[in-house]
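Here is the structure we will look at.
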Amino acid sequence: METIDESEVSEINDAGVTDPVKVGHTAMVDRDNRTTIGEILVDNPRMSCRDVNVYYGDNHAIHDVSLDIGRNEVIAMIGPSGCGKSTFLRCLNRMNDTIDICKVTGTITLDDEDINSKKIDVVPLRAQVSMVFQKPNPFPKSIYENVAFGPRIHGLANNKTELDEIVVTSLKKAGLWDEVKDRMDQPGTGLSGGQQQRLCIARTIAVGPEVILMDEPCSALDPIATAKIEDLIDELRQQYTICIVTHSMQQAARVSQRTAYFHLGDLIEVGDTNTIFTNPRHKLTEDYITGRFG
Amino acid sequence: MSNTASKSGNKARTIDIVYAGLRKRKAAERRFQLYGKLAIGLGLLFLSLLFGSIVANGYTAFVQTYMQIEVYIDPDRIDPEGKREVKELSRADYGGLVKATLRDMFPEVQSRREKRQLYRLVSTGASYQIREQVLQNPDLIGQKISLWVPADDEIDMLMKGHIDRKSAEEDRRVKDNQIAWVDRLLSEGRIEKRFNTIFFTAGDSRDPELAGIWGAASGSFFTLIVTLLLSFPIGVAAAVYLEEFAPRNKFTDLIEVNINNLAAVPSIVFGLLGLAVFINFFGMPRSAPIVGGLVLTLMTLPTIIIASRAALKSVPPSIREAALGIGASPMQTVIYHVLPLAMPGMLTGTIIGMAQALGESAPLLMIGMVAFIVDIPQGAFDPSTVLPVQIYLWADSPERAFVERTSAAIMVLLGFLITMNALAVMLRKRFERRW
Ligand SMILES: Nc1ncnc2c1ncn2[C@@H]1O[C@H](COP(=O)(O)OP(=O)(O)OP(=O)(O)O)[C@@H](O)[C@H]1O
Ligand SMILES: [Mg+2]
């Protein structure tokens, strides 16, 4: 009986009750207790965010989030649905620009450069900080064209041979080459879901980014395809910084070095993945990872 | 109902109630389907009535009565001075040749009244035909040539059975002696119905047997070309800007309302606007396809913009995000991904808009494309008319022969419209995408 009550509580919270004081577990944690616990700073960060706030019109979706993202690390972002993980991720390459009502404040830097400053153009920014989406979204074009699109628009290849080379290496890095090498001119939409997602990752790698943002990249995939992508993420860490949003705590534990837990727009706790999962310090984090809600 | 059932907790009862109501539900469904079928049947009935009456009226226009005559190209009449000058030859009295030929064929005809009736057997087009042959080959002068020339429209009507031989003579336009001559020619095999090439190759004419739709069809063609060249790029550009780039604010809302409004404005208003702006203010030529095209552009633009925006909307946002997410500029996203995916929808909208424009007549009346124009227009600046206006003009003419030509012209126009709309449907089917 008790578990049922708790799941009801979390449902109410997710539905957007902004004043959680009266209900269930969250009652113990009021707004003052929502300051981030843990190690938000890292040495020599790739990206760092300070006091980031995001508003969708009147909806204050992210409150004062400060977080560093290190080099060659995989950082996982977890939290209940609607807590702002995707929103925060999309701040990192200004994808939120495409949403008219969305307003972002605070500073976000990439290699010590403020990405929100007027001087920064989103085109080169997104070439450096590229995104892989929840639903595999290959272009309805050939596999080759899917991967070649990025390098082509950025002018990364001087001729066809170089472009071919980029396409092949990207597909190899994404672990897809062996499966598609004989059907490069067939439409990317004809691949299986997992292959499509790896194609999207290859497409992202092809532009040579420094940071790859992944928003629930495995949520549409079966366990085997998921395992392949997780292996891939682990390999890609050698070269890239990866921010991954996931609903699977096992996945966060498997692929990431650091984990950030979000709750209703607040960054509650950040830290070493092992520590977070074995020894969470914040009550909300503990509730979430022990599966009591979310 | 289900509530009471579940309260009593009796499963069998629920089933009973469902079964009891089932017959009623099924009946309601059948009734609904019947209404739908009735509606479609009614629509089809009217459509077949319309098509049937048009075809029944018009199919005879595709043949035309021709008459064989042997013309002696008399040098004394054509070229008395024997200089063979083109200028003289083109001005000569070929009508006289035809009349002389007819007199030779029917030597018994003596009175002036009868002669005039005799001359009326043959179309005035006969003399043009002879002139053309002579100009092409002056060596024919002095020879006797055998020609099939179009018969007069009244004779044509007689041959097609549209004139009742049994009615009183004063009630019909073809007199008894004319009927006798025609019967004689018929028995000699000198009169027959042939495929009506004139109808498809000539411009308008006061004589039904010489009137054709080619002039109007060319006018329609040039008008539509102008319309297409203007409305497609403008419409697509407007749609892409509004859908992909424009900020959403009061101003763009206002534009949207106005575009939808524009689509509902009666077309004659566009004609008046065209008259005031393009002709009176900019001094563009009257009756010209260029002005017609401009006016129809105004009329078609809303259709194209609305269809194009719908096509752009149907491209899933994930495609845009995919491109933007790896650093494509909004422009590149649109050009490489969104536009190609939206193109079939845009083309479909454009074809439907063009079909509307092809069938439009009211605004073109306002800008003078209703004039009687014999010459076939050679470009967008030549005076011309268009198919629907030609239909309107012919429908207004009293001659019986124009009745069938009106229907025939409608058939041609419908043919074009059906082709265009079928193309639109095909395009939509072919490129339909399920995401
Ligand atoms: N385009 C949008 N317009 C308005 N509000 C939005 C938009 N996208 C997200 N939001 C709001 O912002 C808040 C955070 O949403 P977000 O998508 O970041 O959550 P999330 O943590 O990614 O959830 P999930 O795990 O379900 O993907 C939610 O309250 C949501 O309603
Ligand atoms: Mg999300």
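Simple scheme: letters A, B, ... for chains in structure tokens order, numbers from 1 for residues in each chain, numbers from 1 for ligands in the order shown.
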
inquiry  = as a VMD selection string, please: every protein or nucleic acid residue near ligand 1 (cut-off 10 Å, counting only C-alpha atoms and all ligand atoms).
reply    = chain A and resid 14 to 16 54 to 62 77 to 90 96 98 to 102 134 215 to 216 245 to 247 262 to 265 294

Compile a residue-level contact table for chain A against chain B at a cut-off of 9 Å, reporting for every qualifying residue the shortest atom pair and its distance in Å to one decimal, with only C-alpha atoms counted, rows ordered by chain and ascending number, as a tab-separated table.
residue	atom	partner	partner_atom	distance
A:Asn93	CA	B:Gly325	CA	8.0
A:Met95	CA	B:Gly325	CA	7.1
A:Thr98	CA	B:Glu321	CA	8.9
A:Asp100	CA	B:Pro247	CA	7.7
A:Val122	CA	B:Gly327	CA	7.2
A:Val123	CA	B:Gly327	CA	4.6
A:Pro124	CA	B:Gly327	CA	6.3
A:Leu125	CA	B:Gly327	CA	7.1
A:Arg126	CA	B:Gly327	CA	4.4
A:Ala127	CA	B:Gly327	CA	4.7
A:Gln128	CA	B:Gly327	CA	8.2
A:Val129	CA	B:Ile326	CA	7.8
A:Ser130	CA	B:Ile326	CA	5.0
A:Met131	CA	B:Gly325	CA	5.0
A:Val132	CA	B:Gly325	CA	7.4
A:Phe133	CA	B:Ala322	CA	7.6
A:Lys135	CA	B:Ser318	CA	8.2
A:Pro136	CA	B:Ser318	CA	8.8
A:Asn137	CA	B:Ser318	CA	6.1
A:Pro138	CA	B:Ala322	CA	7.4
A:Phe139	CA	B:Ile319	CA	6.4
A:Pro140	CA	B:His337	CA	8.5
A:Phe149	CA	B:Ala323	CA	8.5
A:Gly150	CA	B:Ile326	CA	6.5
A:Ile153	CA	B:Ala328	CA	6.7
A:His154	CA	B:Ala328	CA	7.9
A:Cys200	CA	B:Ala322	CA	8.3
A:Arg203	CA	B:Ile326	CA	8.0
A:Thr204	CA	B:Ile326	CA	6.0
A:Val207	CA	B:Ile326	CA	7.0
A:Pro209	CA	B:Ile326	CA	8.5

Go ahead and dump the residues you just picked, C-alpha atoms, as an mmCIF file, in the first residue's frame.
data_model
loop_
_atom_site.group_PDB
_atom_site.id
_atom_site.type_symbol
_atom_site.label_atom_id
_atom_site.label_comp_id
_atom_site.auth_asym_id
_atom_site.auth_seq_id
_atom_site.Cartn_x
_atom_site.Cartn_y
_atom_site.Cartn_z
ATOM 1 C CA ASN A 93 24.619 24.259 -27.680
ATOM 2 C CA MET A 95 19.298 24.555 -29.259
ATOM 3 C CA THR A 98 14.852 27.568 -31.791
ATOM 4 C CA ASP A 100 10.685 31.394 -29.343
ATOM 5 C CA VAL A 122 25.504 29.248 -33.198
ATOM 6 C CA VAL A 123 26.682 27.532 -36.369
ATOM 7 C CA PRO A 124 30.307 26.972 -35.318
ATOM 8 C CA LEU A 125 29.144 26.454 -31.733
ATOM 9 C CA ARG A 126 26.917 23.560 -32.740
ATOM 10 C CA ALA A 127 29.712 22.143 -34.858
ATOM 11 C CA GLN A 128 31.724 21.967 -31.635
ATOM 12 C CA VAL A 129 28.893 20.961 -29.345
ATOM 13 C CA SER A 130 26.676 18.641 -31.370
ATOM 14 C CA MET A 131 23.551 16.847 -30.411
ATOM 15 C CA VAL A 132 22.092 13.364 -30.727
ATOM 16 C CA PHE A 133 18.388 13.154 -30.088
ATOM 17 C CA LYS A 135 14.289 9.541 -31.309
ATOM 18 C CA PRO A 136 16.645 8.455 -34.097
ATOM 19 C CA ASN A 137 16.171 11.097 -36.756
ATOM 20 C CA PRO A 138 18.224 10.235 -39.832
ATOM 21 C CA PHE A 139 17.572 12.385 -42.875
ATOM 22 C CA PRO A 140 15.425 10.623 -45.459
ATOM 23 C CA PHE A 149 25.972 16.353 -44.697
ATOM 24 C CA GLY A 150 27.818 17.837 -41.723
ATOM 25 C CA ILE A 153 28.097 22.203 -44.951
ATOM 26 C CA HIS A 154 31.084 23.031 -42.795
ATOM 27 C CA CYS A 200 22.905 9.691 -36.071
ATOM 28 C CA ARG A 203 26.595 11.941 -38.424
ATOM 29 C CA THR A 204 27.449 13.894 -35.286
ATOM 30 C CA VAL A 207 31.555 17.178 -37.943
ATOM 31 C CA PRO A 209 32.738 18.090 -32.353
#

key: Contacts of Glu70 (chain B) at 9 Å (only C-alpha atoms; same-chain gap of 2+ positions) as a PyMOL selection string   = chain B and resi 68+72+101-102+105+144-148

request  = Mind checking which residues fall within 10 Å of Arg152 (chain A), counting only C-alpha atoms, ignoring those fewer than 6 positions away in the same chain, and posting them as a list in words?
outcome  = Glu145, Asn158, Asn159, Leu163, Ala206 and Val207 of chain A; Ala328 of chain B

query = Hey, what's within 9 Å of Ile233 (chain A) if we count only C-alpha atoms and toss same-chain stuff fewer than 6 positions away? As number ranges by chain, please?
reply = A: 74, 174, 242, 255

task = Mind checking which residues fall within 12 Å of Phe416 (chain B), counting only C-alpha atoms, ignoring those fewer than 3 positions away in the same chain, and posting them as number ranges by chain?
result = B: 217, 220-221, 351-352, 354-359, 387-388, 409-413, 419-423

Could you dump the residues just selected with N, CA and C atoms as a PDB file, in the first residue's frame?
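Below is the file that was written, selection-v8.pdb:
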ATOM      1  N   ALA B 217      -6.325  28.808 -76.552  1.00  0.00           N
ATOM      2  CA  ALA B 217      -5.446  27.885 -75.825  1.00  0.00           C
ATOM      3  C   ALA B 217      -4.057  28.499 -75.678  1.00  0.00           C
ATOM      4  N   SER B 220      -4.253  31.111 -73.049  1.00  0.00           N
ATOM      5  CA  SER B 220      -4.253  30.468 -71.735  1.00  0.00           C
ATOM      6  C   SER B 220      -2.850  30.022 -71.359  1.00  0.00           C
ATOM      7  N   PHE B 221      -2.157  29.463 -72.353  1.00  0.00           N
ATOM      8  CA  PHE B 221      -0.808  28.959 -72.095  1.00  0.00           C
ATOM      9  C   PHE B 221       0.108  30.094 -71.631  1.00  0.00           C
ATOM     10  N   ILE B 351      -0.118  23.183 -58.597  1.00  0.00           N
ATOM     11  CA  ILE B 351      -0.892  22.672 -59.728  1.00  0.00           C
ATOM     12  C   ILE B 351      -2.375  22.970 -59.517  1.00  0.00           C
ATOM     13  N   ILE B 352      -2.834  22.785 -58.289  1.00  0.00           N
ATOM     14  CA  ILE B 352      -4.245  23.079 -58.027  1.00  0.00           C
ATOM     15  C   ILE B 352      -4.516  24.569 -58.247  1.00  0.00           C
ATOM     16  N   MET B 354      -2.879  26.489 -60.294  1.00  0.00           N
ATOM     17  CA  MET B 354      -2.830  26.705 -61.736  1.00  0.00           C
ATOM     18  C   MET B 354      -4.142  26.262 -62.388  1.00  0.00           C
ATOM     19  N   ALA B 355      -4.685  25.146 -61.914  1.00  0.00           N
ATOM     20  CA  ALA B 355      -5.944  24.667 -62.478  1.00  0.00           C
ATOM     21  C   ALA B 355      -7.044  25.690 -62.227  1.00  0.00           C
ATOM     22  N   GLN B 356      -7.031  26.266 -61.013  1.00  0.00           N
ATOM     23  CA  GLN B 356      -7.999  27.328 -60.720  1.00  0.00           C
ATOM     24  C   GLN B 356      -7.819  28.487 -61.690  1.00  0.00           C
ATOM     25  N   ALA B 357      -6.554  28.864 -61.871  1.00  0.00           N
ATOM     26  CA  ALA B 357      -6.257  30.002 -62.736  1.00  0.00           C
ATOM     27  C   ALA B 357      -6.699  29.710 -64.167  1.00  0.00           C
ATOM     28  N   LEU B 358      -6.500  28.472 -64.612  1.00  0.00           N
ATOM     29  CA  LEU B 358      -6.880  28.101 -65.977  1.00  0.00           C
ATOM     30  C   LEU B 358      -8.383  28.232 -66.169  1.00  0.00           C
ATOM     31  N   GLY B 359      -9.148  27.926 -65.134  1.00  0.00           N
ATOM     32  CA  GLY B 359     -10.594  27.974 -65.267  1.00  0.00           C
ATOM     33  C   GLY B 359     -11.195  29.335 -64.973  1.00  0.00           C
ATOM     34  N   LEU B 387      -9.178  30.246 -72.689  1.00  0.00           N
ATOM     35  CA  LEU B 387     -10.193  29.225 -72.951  1.00  0.00           C
ATOM     36  C   LEU B 387     -11.557  29.517 -72.298  1.00  0.00           C
ATOM     37  N   PRO B 388     -11.590  29.777 -70.988  1.00  0.00           N
ATOM     38  CA  PRO B 388     -12.922  29.989 -70.404  1.00  0.00           C
ATOM     39  C   PRO B 388     -13.627  31.202 -70.985  1.00  0.00           C
ATOM     40  N   ALA B 409     -15.303  23.142 -76.677  1.00  0.00           N
ATOM     41  CA  ALA B 409     -14.266  23.905 -75.974  1.00  0.00           C
ATOM     42  C   ALA B 409     -14.293  23.578 -74.486  1.00  0.00           C
ATOM     43  N   ILE B 410     -15.501  23.411 -73.941  1.00  0.00           N
ATOM     44  CA  ILE B 410     -15.602  23.032 -72.526  1.00  0.00           C
ATOM     45  C   ILE B 410     -14.931  21.676 -72.305  1.00  0.00           C
ATOM     46  N   MET B 411     -15.147  20.762 -73.271  1.00  0.00           N
ATOM     47  CA  MET B 411     -14.526  19.446 -73.132  1.00  0.00           C
ATOM     48  C   MET B 411     -13.006  19.560 -73.114  1.00  0.00           C
ATOM     49  N   VAL B 412     -12.484  20.413 -74.000  1.00  0.00           N
ATOM     50  CA  VAL B 412     -11.027  20.591 -74.035  1.00  0.00           C
ATOM     51  C   VAL B 412     -10.535  21.157 -72.698  1.00  0.00           C
ATOM     52  N   LEU B 413     -11.240  22.191 -72.211  1.00  0.00           N
ATOM     53  CA  LEU B 413     -10.841  22.810 -70.944  1.00  0.00           C
ATOM     54  C   LEU B 413     -10.904  21.787 -69.808  1.00  0.00           C
ATOM     55  N   THR B 419      -6.483  16.608 -66.329  1.00  0.00           N
ATOM     56  CA  THR B 419      -5.078  16.210 -66.391  1.00  0.00           C
ATOM     57  C   THR B 419      -4.280  16.848 -65.254  1.00  0.00           C
ATOM     58  N   MET B 420      -4.496  18.141 -65.061  1.00  0.00           N
ATOM     59  CA  MET B 420      -3.717  18.837 -64.028  1.00  0.00           C
ATOM     60  C   MET B 420      -4.044  18.296 -62.637  1.00  0.00           C
ATOM     61  N   ASN B 421      -5.330  18.124 -62.375  1.00  0.00           N
ATOM     62  CA  ASN B 421      -5.692  17.642 -61.040  1.00  0.00           C
ATOM     63  C   ASN B 421      -5.232  16.210 -60.817  1.00  0.00           C
ATOM     64  N   ALA B 422      -5.285  15.404 -61.884  1.00  0.00           N
ATOM     65  CA  ALA B 422      -4.803  14.028 -61.758  1.00  0.00           C
ATOM     66  C   ALA B 422      -3.310  14.032 -61.448  1.00  0.00           C
ATOM     67  N   LEU B 423      -2.606  14.954 -62.106  1.00  0.00           N
ATOM     68  CA  LEU B 423      -1.169  15.078 -61.859  1.00  0.00           C
ATOM     69  C   LEU B 423      -0.913  15.420 -60.392  1.00  0.00           C
TER      70      LEU B 423
END

key: Secondary structure check, alpha helix (DSSP H) residues of region 251-282 of chain B, as a PyMOL selection string   = chain B and resi 251-264+267-274

request  = Mind listing the strand (DSSP E) residues of region 144-317 of chain B, per DSSP on the backbone, as a list in words?
outcome  =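 The residues of region 144-317 of chain B classed as strand (DSSP E) are Lys144, Ile145, Ser146, Leu147, Trp148, Val149, Pro150, Ile191, Glu192, Lys193, Arg194 and Phe195 of chain B.
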
Dump of C-alpha atoms for the selected residues, as a PDB file, in the first residue's frame:
ATOM      1  CA  LYS B 144      -7.483  23.403-112.358  1.00  0.00           C
ATOM      2  CA  ILE B 145      -7.034  22.130-108.817  1.00  0.00           C
ATOM      3  CA  SER B 146      -9.236  19.872-106.752  1.00  0.00           C
ATOM      4  CA  LEU B 147      -9.754  20.984-103.151  1.00  0.00           C
ATOM      5  CA  TRP B 148     -11.638  19.912-100.069  1.00  0.00           C
ATOM      6  CA  VAL B 149     -12.932  23.091 -98.507  1.00  0.00           C
ATOM      7  CA  PRO B 150     -15.030  23.526 -95.365  1.00  0.00           C
ATOM      8  CA  ILE B 191     -19.381  16.129 -99.556  1.00  0.00           C
ATOM      9  CA  GLU B 192     -18.260  14.366 -96.405  1.00  0.00           C
ATOM     10  CA  LYS B 193     -17.550  14.814 -92.724  1.00  0.00           C
ATOM     11  CA  ARG B 194     -13.928  14.833 -91.706  1.00  0.00           C
ATOM     12  CA  PHE B 195     -11.948  15.391 -88.547  1.00  0.00           C
TER      13      PHE B 195
END
